[in-house]
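Dumped entry.cif below, it's mmCIF, C-alpha atoms:
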data_model
#
loop_
_atom_site.label_atom_id
_atom_site.label_comp_id
_atom_site.auth_asym_id
_atom_site.auth_seq_id
_atom_site.Cartn_x
_atom_site.Cartn_y
_atom_site.Cartn_z
CA MET A 15 233.29 73.17 42.21
CA ALA A 16 234.26 76.77 42.77
CA ASN A 17 230.82 77.65 44.06
CA ALA A 18 231.09 76.80 47.71
CA GLU A 19 233.93 79.15 48.55
CA HIS A 20 232.39 81.94 46.50
CA ALA A 21 229.16 82.13 48.47
CA SER A 22 229.98 85.64 49.55
CA PRO A 23 227.84 87.15 52.29
CA THR A 24 228.24 90.64 50.82
CA ASP A 25 225.15 90.79 48.69
CA GLY A 26 225.49 92.26 45.23
CA HIS A 27 229.22 91.78 45.00
CA ILE A 28 230.91 89.66 42.43
CA PRO A 29 232.33 86.57 44.07
CA HIS A 30 236.12 86.34 43.76
CA GLY A 31 238.29 83.34 43.27
CA ASP A 32 241.31 82.50 45.33
CA PHE A 33 244.89 82.07 44.13
CA ARG A 34 244.38 78.38 43.43
CA SER A 35 241.29 78.85 41.27
CA TYR A 36 242.91 81.68 39.27
CA MET A 37 246.03 79.58 38.64
CA THR A 38 243.93 76.54 37.71
CA GLY A 39 242.05 78.66 35.21
CA PHE A 40 245.25 80.14 33.81
CA VAL A 41 247.05 76.80 33.38
CA LEU A 42 243.95 75.24 31.79
CA SER A 43 243.52 78.13 29.36
CA VAL A 44 247.22 78.05 28.37
CA ILE A 45 246.90 74.34 27.61
CA LEU A 46 243.60 74.83 25.78
CA THR A 47 245.17 77.61 23.67
CA ALA A 48 248.46 75.85 22.95
CA ILE A 49 246.93 72.59 21.70
CA PRO A 50 244.73 74.04 18.90
CA PHE A 51 247.58 76.36 17.81
CA ALA A 52 249.92 73.36 17.69
CA ILE A 53 247.40 71.32 15.73
CA VAL A 54 246.88 74.01 13.09
CA MET A 55 250.54 75.05 12.85
CA SER A 56 251.67 71.45 12.37
CA GLY A 57 249.32 71.11 9.41
CA GLY A 58 246.28 69.66 11.14
CA PHE A 59 244.57 66.38 10.53
CA GLU A 60 244.01 64.83 7.12
CA SER A 61 240.46 66.11 6.95
CA ARG A 62 240.09 69.87 7.22
CA ALA A 63 236.60 69.43 8.66
CA VAL A 64 237.95 67.30 11.51
CA THR A 65 240.64 69.88 12.28
CA ALA A 66 238.08 72.69 12.28
CA LEU A 67 235.77 70.73 14.56
CA VAL A 68 238.53 69.87 17.03
CA VAL A 69 239.74 73.50 17.14
CA LEU A 70 236.18 74.73 17.70
CA LEU A 71 235.69 72.20 20.49
CA PHE A 72 238.82 73.46 22.26
CA ALA A 73 237.47 77.01 22.00
CA VAL A 74 234.15 76.04 23.58
CA VAL A 75 235.88 74.27 26.46
CA GLN A 76 238.21 77.24 26.99
CA ILE A 77 235.29 79.68 27.05
CA VAL A 78 233.64 77.56 29.75
CA VAL A 79 236.92 77.49 31.72
CA HIS A 80 237.20 81.28 31.51
CA MET A 81 233.60 81.72 32.63
CA ILE A 82 234.09 79.53 35.68
CA TYR A 83 237.57 80.55 36.83
CA PHE A 84 237.88 84.16 35.64
CA LEU A 85 234.33 85.49 35.38
CA HIS A 86 233.26 83.39 38.42
CA MET A 87 229.98 82.37 36.85
CA ASP A 88 227.72 80.99 39.49
CA LEU A 89 224.28 79.44 39.01
CA HIS A 90 222.94 81.28 42.04
CA ALA A 91 224.64 84.66 41.72
CA GLU A 92 222.18 87.57 41.63
CA GLY A 93 219.30 85.22 42.25
CA GLY A 94 220.05 83.33 39.03
CA TRP A 95 219.61 86.35 36.79
CA THR A 96 223.13 86.26 35.35
CA VAL A 97 222.62 82.69 34.18
CA ILE A 98 219.16 83.43 32.80
CA SER A 99 220.45 86.41 30.83
CA LEU A 100 223.40 84.33 29.61
CA VAL A 101 221.09 81.57 28.38
CA PHE A 102 218.87 84.14 26.65
CA THR A 103 221.91 85.71 24.99
CA LEU A 104 223.12 82.32 23.82
CA ILE A 105 219.72 81.56 22.28
CA VAL A 106 219.67 84.87 20.39
CA LEU A 107 223.31 84.37 19.43
CA ILE A 108 222.70 80.91 17.99
CA ILE A 109 219.63 82.11 16.08
CA CYS A 110 221.62 85.03 14.61
CA LEU A 111 224.67 82.99 13.68
CA ALA A 112 222.96 79.85 12.41
CA GLY A 113 220.21 81.84 10.70
CA THR A 114 222.62 84.17 8.91
CA ILE A 115 224.90 81.41 7.72
CA TRP A 116 221.98 79.24 6.64
CA VAL A 117 220.11 81.97 4.76
CA MET A 118 223.18 83.39 3.06
CA HIS A 119 224.41 79.95 2.06
CA ASN A 120 221.04 79.14 0.50
CA MET A 121 220.98 82.44 -1.33
CA ASP A 122 224.43 81.71 -2.66
CA SER A 123 223.68 78.27 -3.95
CA ASN A 124 220.36 79.33 -5.47
CA MET A 125 221.89 82.20 -7.36
CA MET A 126 222.45 81.25 -10.97
CA PRO A 127 226.00 81.89 -12.11
CA ASP A 128 224.71 83.66 -15.23
CA MET A 129 222.98 86.19 -13.03
CA ILE A 130 226.25 87.15 -11.41
CA GLU A 131 227.88 87.51 -14.81
CA LEU A 132 225.02 89.65 -16.06
CA MET A 133 225.20 91.85 -12.99
CA GLU A 134 228.89 92.33 -13.49
CA GLY A 135 228.24 93.31 -17.09
CA LYS A 136 230.35 90.60 -18.67
CA GLY A 137 227.61 88.08 -19.36
CA ASP A 138 228.24 85.70 -22.18
CA THR A 139 225.03 86.32 -24.13
CA GLY A 140 226.45 84.94 -27.35
CA SER A 141 226.09 81.34 -26.27
CA GLY A 142 222.52 81.18 -27.53
CA GLU A 143 220.46 80.87 -24.39
CA SER A 144 220.23 83.87 -22.15
CA ALA A 145 219.95 83.41 -18.40
CA VAL A 146 216.93 85.68 -18.28
CA PRO A 147 214.87 84.97 -21.38
CA GLY A 148 213.01 87.84 -22.95
CA GLN A 149 215.08 90.49 -21.31
CA ASP A 150 217.61 92.60 -23.06
CA MET A 151 220.34 93.56 -20.67
CA SER A 152 222.32 95.72 -23.08
CA PRO A 153 222.20 99.43 -22.35
CA SER A 154 221.38 100.49 -25.92
CA LYS A 155 217.75 100.06 -26.85
CA MET B 13 189.26 82.36 53.69
CA SER B 14 188.36 85.80 52.64
CA SER B 15 190.85 87.87 50.72
CA MET B 16 189.10 91.07 51.66
CA ILE B 17 191.21 93.63 53.41
CA GLU B 18 189.41 95.53 56.07
CA THR B 19 190.05 99.24 56.00
CA SER B 20 188.33 101.69 58.19
CA PRO B 21 186.83 104.55 56.16
CA ASP B 22 188.54 107.25 58.19
CA GLN B 23 192.03 105.91 57.40
CA PRO B 24 193.66 107.21 54.24
CA ARG B 25 194.42 104.52 51.71
CA VAL B 26 198.10 103.91 51.16
CA TRP B 27 199.35 102.11 48.04
CA HIS B 28 203.02 101.86 48.84
CA LEU B 29 205.14 100.56 51.67
CA GLU B 30 205.75 102.83 54.60
CA GLU B 31 209.47 102.54 54.06
CA GLU B 32 211.12 101.62 50.78
CA PRO B 33 213.51 98.68 51.14
CA HIS B 34 217.00 100.05 51.35
CA HIS B 35 219.67 98.89 48.94
CA ALA B 36 223.32 99.66 49.33
CA GLU B 37 224.73 102.03 46.75
CA GLY B 38 225.82 100.20 43.62
CA HIS B 39 224.19 96.93 44.62
CA SER B 40 222.75 96.49 41.14
CA THR B 41 225.97 97.34 39.27
CA PRO B 42 227.24 93.76 38.76
CA LEU B 43 223.96 92.55 37.27
CA GLY B 44 223.51 95.71 35.23
CA PHE B 45 227.03 95.47 33.88
CA TRP B 46 226.48 91.81 33.10
CA MET B 47 223.46 92.83 30.98
CA TYR B 48 225.71 95.27 29.12
CA LEU B 49 228.26 92.53 28.50
CA MET B 50 225.53 90.26 27.14
CA SER B 51 224.37 92.94 24.69
CA ASP B 52 228.00 93.54 23.73
CA CYS B 53 228.17 89.82 23.11
CA LEU B 54 225.39 90.21 20.52
CA ILE B 55 227.37 92.94 18.72
CA PHE B 56 230.21 90.48 18.38
CA ALA B 57 227.78 87.73 17.34
CA ILE B 58 226.66 89.87 14.39
CA LEU B 59 230.27 90.68 13.47
CA PHE B 60 231.13 86.97 13.64
CA ALA B 61 228.10 86.17 11.46
CA THR B 62 229.20 88.81 8.94
CA TYR B 63 232.69 87.34 8.90
CA ALA B 64 231.28 83.83 8.49
CA VAL B 65 229.38 84.95 5.39
CA LEU B 66 232.01 87.23 3.84
CA GLY B 67 235.17 85.46 5.03
CA ASP B 68 235.63 83.62 1.75
CA ARG B 69 234.86 86.51 -0.61
CA TYR B 70 238.38 87.44 -1.60
CA GLY B 71 237.52 89.45 -4.69
CA GLY B 72 240.73 88.25 -6.33
CA GLY B 73 242.70 89.37 -3.27
CA PRO B 74 244.70 87.29 -0.82
CA ASP B 75 243.11 84.74 1.52
CA GLN B 76 243.73 84.04 5.21
CA LYS B 77 246.63 81.69 4.58
CA ALA B 78 248.50 84.34 2.61
CA LEU B 79 248.02 87.07 5.21
CA PHE B 80 248.06 85.63 8.72
CA ASP B 81 251.15 84.81 10.72
CA LEU B 82 250.07 82.37 13.43
CA TRP B 83 253.21 82.98 15.52
CA LEU B 84 252.24 86.62 15.84
CA ILE B 85 248.71 85.64 16.85
CA ALA B 86 250.04 83.15 19.39
CA LEU B 87 252.16 85.92 20.91
CA ASN B 88 249.14 88.21 20.94
CA THR B 89 246.99 85.58 22.62
CA ALA B 90 249.69 85.03 25.24
CA MET B 91 249.66 88.76 26.05
CA LEU B 92 245.91 88.77 26.60
CA LEU B 93 245.99 85.57 28.66
CA LEU B 94 248.77 86.96 30.87
CA SER B 95 246.82 90.17 31.34
CA SER B 96 243.85 88.11 32.49
CA ILE B 97 245.79 86.33 35.21
CA THR B 98 247.53 89.53 36.35
CA TYR B 99 244.11 91.15 36.71
CA GLY B 100 243.16 88.16 38.83
CA PHE B 101 246.19 88.89 41.04
CA ALA B 102 245.01 92.49 41.40
CA MET B 103 241.65 91.18 42.60
CA LEU B 104 243.36 88.94 45.14
CA GLN B 105 245.43 91.88 46.42
CA MET B 106 242.21 93.87 46.74
CA ASP B 107 240.71 91.11 48.90
CA LYS B 108 243.71 91.52 51.19
CA GLY B 109 243.20 95.28 51.22
CA ASN B 110 246.68 95.85 49.81
CA GLN B 111 246.37 99.06 47.82
CA GLN B 112 250.01 99.03 46.68
CA GLY B 113 249.55 95.49 45.36
CA VAL B 114 246.36 96.39 43.50
CA ARG B 115 248.09 99.33 41.80
CA LYS B 116 251.10 97.22 40.85
CA TRP B 117 249.08 94.41 39.30
CA LEU B 118 246.70 96.78 37.52
CA LEU B 119 249.71 98.51 35.95
CA ILE B 120 251.13 95.17 34.83
CA THR B 121 247.73 94.28 33.38
CA ALA B 122 247.69 97.57 31.47
CA ALA B 123 251.18 96.81 30.15
CA PHE B 124 250.12 93.42 28.79
CA GLY B 125 246.97 94.96 27.33
CA ALA B 126 249.06 97.64 25.63
CA ALA B 127 251.43 94.97 24.29
CA PHE B 128 248.42 93.18 22.80
CA LEU B 129 247.30 96.39 21.11
CA VAL B 130 250.76 97.19 19.77
CA ILE B 131 251.03 93.74 18.19
CA GLU B 132 247.55 94.08 16.70
CA LEU B 133 248.32 97.54 15.30
CA TYR B 134 251.58 96.18 13.88
CA GLU B 135 249.58 93.49 12.07
CA PHE B 136 247.02 96.02 10.80
CA TYR B 137 249.74 98.41 9.69
CA HIS B 138 251.47 95.71 7.69
CA LEU B 139 248.24 94.59 6.04
CA ILE B 140 247.22 98.13 5.08
CA HIS B 141 250.76 99.05 4.00
CA ALA B 142 250.82 96.04 1.67
CA GLY B 143 247.58 97.22 0.10
CA TYR B 144 245.34 94.79 1.95
CA GLY B 145 243.27 97.29 3.90
CA PRO B 146 239.56 96.93 4.65
CA GLY B 147 238.69 98.19 1.18
CA ARG B 148 240.49 95.40 -0.68
CA SER B 149 237.84 92.68 -0.37
CA ALA B 150 234.71 91.70 1.53
CA PHE B 151 236.83 89.29 3.53
CA LEU B 152 239.17 92.06 4.66
CA SER B 153 236.25 94.42 5.42
CA SER B 154 234.65 91.89 7.76
CA PHE B 155 238.04 90.96 9.22
CA PHE B 156 238.93 94.53 10.10
CA ALA B 157 235.44 95.20 11.46
CA LEU B 158 235.52 92.17 13.78
CA VAL B 159 239.12 92.31 14.99
CA GLY B 160 239.09 96.13 15.05
CA THR B 161 235.99 96.21 17.26
CA HIS B 162 237.68 93.87 19.72
CA GLY B 163 240.79 96.02 19.62
CA LEU B 164 238.70 99.13 20.34
CA HIS B 165 237.21 97.37 23.35
CA VAL B 166 240.69 96.61 24.66
CA THR B 167 241.68 100.25 24.07
CA PHE B 168 238.76 101.52 26.12
CA GLY B 169 239.49 98.88 28.75
CA ILE B 170 242.99 100.33 29.13
CA VAL B 171 241.62 103.89 29.32
CA TRP B 172 239.22 102.73 32.03
CA LEU B 173 242.11 101.01 33.82
CA PHE B 174 244.12 104.24 34.03
CA VAL B 175 241.09 106.25 35.16
CA LEU B 176 240.59 103.66 37.87
CA LEU B 177 244.25 103.85 38.88
CA ALA B 178 243.89 107.62 39.27
CA GLN B 179 240.77 107.09 41.39
CA ILE B 180 242.56 104.59 43.63
CA ASN B 181 245.54 106.93 43.95
CA LYS B 182 243.25 109.74 45.03
CA HIS B 183 240.66 108.01 47.20
CA GLY B 184 242.17 104.65 48.08
CA LEU B 185 240.35 101.33 48.06
CA THR B 186 236.96 102.74 48.96
CA HIS B 187 233.74 100.81 48.59
CA SER B 188 233.03 102.48 45.25
CA ASN B 189 236.52 101.86 43.94
CA ARG B 190 236.34 98.19 44.90
CA ARG B 191 233.12 97.93 42.95
CA ARG B 192 234.80 99.58 39.94
CA VAL B 193 237.74 97.21 40.09
CA GLU B 194 235.31 94.30 40.16
CA THR B 195 233.32 95.67 37.23
CA LEU B 196 236.41 96.25 35.11
CA SER B 197 237.46 92.71 35.97
CA MET B 198 234.26 91.43 34.34
CA PHE B 199 234.92 93.59 31.26
CA TRP B 200 238.53 92.49 30.96
CA HIS B 201 237.81 88.77 31.27
CA PHE B 202 234.89 89.15 28.89
CA LEU B 203 237.25 90.58 26.23
CA ASP B 204 239.46 87.56 26.71
CA VAL B 205 236.48 85.27 26.07
CA ILE B 206 235.69 87.16 22.84
CA TRP B 207 239.33 86.83 21.78
CA ILE B 208 239.07 83.03 22.12
CA GLY B 209 236.35 83.20 19.47
CA VAL B 210 238.43 85.54 17.29
CA PHE B 211 241.64 83.54 17.26
CA THR B 212 239.75 80.28 16.78
CA ILE B 213 237.35 81.30 14.02
CA VAL B 214 239.35 83.97 12.19
CA TYR B 215 242.96 82.91 12.58
CA LEU B 216 243.05 79.17 13.32
CA MET B 217 240.12 78.03 11.17
CA GLY B 218 241.16 80.42 8.41
CA THR B 219 244.61 78.93 8.09
CA ILE B 220 243.72 75.23 8.34
#

As structure tokens, what does this structure read like?
Amino acid sequence: MANAEHASPTDGHIPHGDFRSYMTGFVLSVILTAIPFAIVMSGGFESRAVTALVVLLFAVVQIVVHMIYFLHMDLHAEGGWTVISLVFTLIVLIICLAGTIWVMHNMDSNMMPDMIELMEGKGDTGSGESAVPGQDMSPSK
Amino acid sequence: MSSMIETSPDQPRVWHLEEEPHHAEGHSTPLGFWMYLMSDCLIFAILFATYAVLGDRYGGGPDQKALFDLWLIALNTAMLLLSSITYGFAMLQMDKGNQQGVRKWLLITAAFGAAFLVIELYEFYHLIHAGYGPGRSAFLSSFFALVGTHGLHVTFGIVWLFVLLAQINKHGLTHSNRRRVETLSMFWHFLDVIWIGVFTIVYLMGTI
């Protein structure tokens, strides 16, 4: 919606907003900040997952609002290169975030608890079965 | 149709244009700076990923609920949001060519940015003073790395802002200075976008 008035003839310059678009962005971002803060500070919903999801959703909407009204994102600015680089960044970002969380979570859940105890040097080896059979973890040979 | 290009043998072959297309000075700055912001975005993505993995490794130390005061964070967020809109006002004054107005609003923006930093340093000081510095647990290491990196960005943003103010004082709203104001505007609003991620993922989701 903000695109038409931003079609600046001065090539290579960042399109600016006007007073109205800046104020719209500001009021929207205040609302989008206040609501998730209020939700969390009042204790949130019954399910923590629902609260987390709602708060995250507000953040995504607010980021989009900031990009449109403050950063003046425009599909056609710079011949479309800003949007292309943004999309590329988002793809890399999602791969990094999702990949890291996924891999580390799997590693966590596949790690046997005995292994952690052994690594920390307080393994309970007296319970009969050792976590790593055939290996003596005590320092004295 | 033939794609052959006829050249007479006595003419020297030329592989470039007679005249290079002329670009105004600084025409590629906005796109170039945008590329920088995108790579900065990836730095923060990695810090967020680190926090996502280590954020629940307390090592017997305190968790988010015990450490974070949401009122303080709300105040902090308000400071950064206000600085964003005051920077917008500086941009509008620049469109009008009002140098006095640009200086005034940039100074107000710097004040809000400094207020944000002071509140953040106050929070850090209290955490470290209570023995919950970055060395206490993996959670606190990743917390200080993420929030500290954002704080450093704001610090350098303020330094840039004052350098720019000096430039405007000396040379006025020249073409180059306008470009610099626009570029810093991108940086400043970008930091605000990152902060949305910080207060949502670190502070709000940590204290649910």

### Task
Restrict the distance test to only C-alpha atoms, flag each residue of chain B within 9 Å of chain A, and return the flagged residues as a PyMOL selection string.
chain B and resi 36+38-43+46-47+50-51+53-54+57-58+60-62+64-65+82-83+86+89-90+93-94+96-97+100-101+103-104+107+191+194-195+197-198+201-202+204-206+208-209+212-213+216-217+219-220

#### Entry: Distance of atom CA of B:Asn88 from atom CA of B:Ala123, expressed in Å to one decimal place
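Answer for the atom CA of B:Ala123 to atom CA of B:Asn88 separation: 12.8 Å.
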
### Task
Convert the output of the PyMOL selection byres ((chain B and resi 144-161) around 12) on the shown file into explicit residues, formatted as number ranges by chain.
B: 52-53, 55-76, 78-80, 85, 129, 132-133, 135-143, 162-168, 203, 206-211, 213-215, 218

### Query
How far is it from atom CA of B:Leu119 to atom CA of B:Leu173, in Å with one decimal?
8.3 Å

### Query
Which distance in Å separates atom CA of B:His183 and atom CA of A:Met87, to one decimal?
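Spanning atom CA of B:His183 to atom CA of A:Met87 is a straight-line distance of 29.6 Å.
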
### Task
Check the smallest atom-to-atom distance from each of B:Leu177, B:Leu87, B:Val130, B:Leu92 to B:Trp117 using all atoms listed in the file, then report the winner.
B:Leu177

Could you tell me which residues the PyMOL selection byres ((chain B and resi 180) around 10) grabs in this file, written as a CSV table (one decimal) with C-alpha atoms, in the frame of the given file?
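Below you can see result.csv, which holds the result:
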chain,number,residue,atom,x,y,z
B,111,GLN,CA,246.4,99.1,47.8
B,112,GLN,CA,250.0,99.0,46.7
B,114,VAL,CA,246.4,96.4,43.5
B,115,ARG,CA,248.1,99.3,41.8
B,174,PHE,CA,244.1,104.2,34.0
B,175,VAL,CA,241.1,106.2,35.2
B,176,LEU,CA,240.6,103.7,37.9
B,177,LEU,CA,244.2,103.8,38.9
B,178,ALA,CA,243.9,107.6,39.3
B,179,GLN,CA,240.8,107.1,41.4
B,181,ASN,CA,245.5,106.9,44.0
B,182,LYS,CA,243.2,109.7,45.0
B,183,HIS,CA,240.7,108.0,47.2
B,184,GLY,CA,242.2,104.6,48.1
B,185,LEU,CA,240.4,101.3,48.1
B,186,THR,CA,237.0,102.7,49.0
B,188,SER,CA,233.0,102.5,45.2
B,189,ASN,CA,236.5,101.9,43.9
B,190,ARG,CA,236.3,98.2,44.9
B,192,ARG,CA,234.8,99.6,39.9
B,193,VAL,CA,237.7,97.2,40.1

So for stretch 39-58 of chain B, what box centre and size do we get, axis-aligned, 4 Å extra on each of the six sides, every listed atom, Å to one decimal, as AutoDock Vina command-line options?
--center_x 226.5 --center_y 92.5 --center_z 29.5 --size_x 15.5 --size_y 17.6 --size_z 38.2
